[in-house]
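K.L.:
One structure, pasted below without further comment.
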Amino acid sequence: MQPTSDPTAPAAAAGLGDEQDNAQPLEGAGTLAGLLRRMRHQTDFPAMSESVVRVQALAGSETESLNSLTNEILKDVALTQKLLRLVNSAQFAHTGGGISTVSRAVSLIGFAGIRNLAMSLLLLEHMQDKAHAQQLRTEFLRSLLAASLASDLCPVVREGEEAFIGALFQNLGRMLAGFYLPDEARRVREAVAAGESEVAASLKVLRLDYEALGLGVARAWGLPGPIQRLMSRPAGRPPLRLLADNADRLRWLVLAANEAADVVLAHDENALPPKLQRLAQQYAASLGLEADHVVQSVHLARDRLAQAAEALGIAVLPQSPAARLARRLPPPPSAATEPGAEPLHGDDAPDTLSGLALTASPPAPQASTATADAVAVGLLSTGIQDVTQALADGGALNDVLRMVLETLFRALGCRRVLLCLRDASGQQLLGRMGLGEEATEVARRFKLPLQGANDLFALVCNKGVDTLISDASAPNVAQRLPAWYREQIGAPCFLLLPMQFKGAPLGLIYADTNTAGAIVLGEQALALVKTLRNQAVMAFRQTRVGG
């Protein structure tokens, strides 16, 4: 399913410089508009803005959140790879490791956790530049340390999810200036090094301070009000009593997390302990925490950050300030993880349907084709392991089905993959969920009658024959396609994997591409594709037995 539309998205994508007209008044609003226009001309900023707006829009759609978030992440290959590397790092050892699909990661770590990771990785993905890469890595790691620490210090999980994003983006203005306005950011750093405050220096150089810049962009991105409130630093010194108002307490907690990250960045190991202890004591009363607990949380957050940096391949110079942020601690004793179960295997042999049945593609002599097939086999194999583990753990039916679709989507390089299921009457199959281009809209068009129809889809579903159509324009194929499919979808190449239960049609997995002949399956890949389909059927069997 695609994310629900967000009214802020078109404006954010098309013209961030105009967003301040609908925002609350800001000091230096004209400067903000000029800076946003200038940043918009940088190729990465519009792309990052669109991604942030889309991911953030999912936060208000709990009914579609899991599938929508998975689909959104899968649109970005680099983001997908980074996220999977991160969730397989030691930081997430509690999940058992070996996670090879975004769907599985979402089901194990949770929607909010994956959304927060995706939002932080979007910063890393889009804010890289060789000219000042080290400075940007430092700022990214500093923000990620603050976000992780803020989340840890929250006693309530939901508060932690909100605090993570608030702390991550509290210095958004500084991060954006460092990448898109490097000369101005350098002048601000020079002024700070000479003894001027960062607020005064950024105000002098940019005609608005970093916080105002960050909040202006946050409004353009449509970040919710509570997150913007957390991005705004409270004034004065930390209160000397526990704050009863949760919103106020979270603001001070986010500020404490960012100041702790600044302290870690600024001091070596010898000078750090007393500085960190002093900071913890300043904030302990207002947050209702013990100072020692705050200090210990900082060290644990640093260790997790080091694991994340290693998993993401973020290289920092050994003696640089950035290295202080991600200092590894001695590893704690690790609990033994349970070995993963062996993949399920199906014994479904190829059937025939007037020469259209799914069989292995002949081996191709081209090295690139062989490489692509090897990649597909690898992704299918690891996806099957994910599904197997989810089945063994009693995973929710929708989660298992989503993993099956995602594995096919990534392994076969599809434009989209859909799942159709039998309706209550048992007379037709209806599109239920999907991943890829316009998947939600296309799924709505799938209404496949099972009785009284003699088209290709009805035959495939009723006979239970796996079928690959390499060229839908071939006369013997085109004449058997239903009119609605030819007129509304008309994919040149598609794969049909029917699902049957006790000999009757249960559902259909459909995958297509933009190019004829683009889906190529060797013998091993073909067997794994069938296994995946069988696992989807098994998920339904388990649900029926359990229910």
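Ordering of the structure tokens sets the chain letters (A, B, ...); residue numbers start at 1 within each chain; ligands are numbered from 1 in the order shown.
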Taking only stretch 370-478 of chain A into account, list the residues labelled helix (DSSP H, G or I) by DSSP (computed from the backbone), as a ChimeraX atom specification.

P.N.:
/A:370-392,397-412,439-445,456-463,475-478

K.L.:
Can you pull out the residues contacting stretch 265-271 of chain A? Cut-off 8 Å, using only C-alpha atoms, and skip same-chain residues under 3 positions away; I want them as a count of residues only.

P.N.:
9

K.L.:
Mind giving me the straight-line distance from atom CA of A:Ser107 to atom CA of A:Asp399 in Å, one decimal?

P.N.:
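Distance between the two atoms: 6.5 Å.
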
K.L.:
Report the distance between atom CA of A:Gln542 and atom CA of A:Leu397 in Å, rounded to one decimal place.

P.N.:
8.8 Å

K.L.:
Pick from A:Asn258, A:Ser202, A:Gln427, A:Ser297: nearest to A:Leu144, with only C-alpha atoms counted?

P.N.:
A:Asn258

K.L.:
With distances taken over only C-alpha atoms, which of A:Ala315, A:Val520, A:Ala525, A:Ala474 is nearest to A:Gln134?

P.N.:
A:Ala315

K.L.:
Nearest residue to A:Ser68 out of A:Leu459, A:Ala311, A:Val537, A:Met433, using only C-alpha atoms?

P.N.:
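For A:Ser68, the nearest of the given residues is A:Met433.
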
K.L.:
Smallest atom-to-atom distance to A:Glu290: which of A:Ala150, A:Pro449, A:Tyr210, A:Gln277, using only C-alpha atoms?

P.N.:
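Comparing A:Ala150, A:Pro449, A:Tyr210, A:Gln277 against A:Glu290, the winner is A:Gln277.
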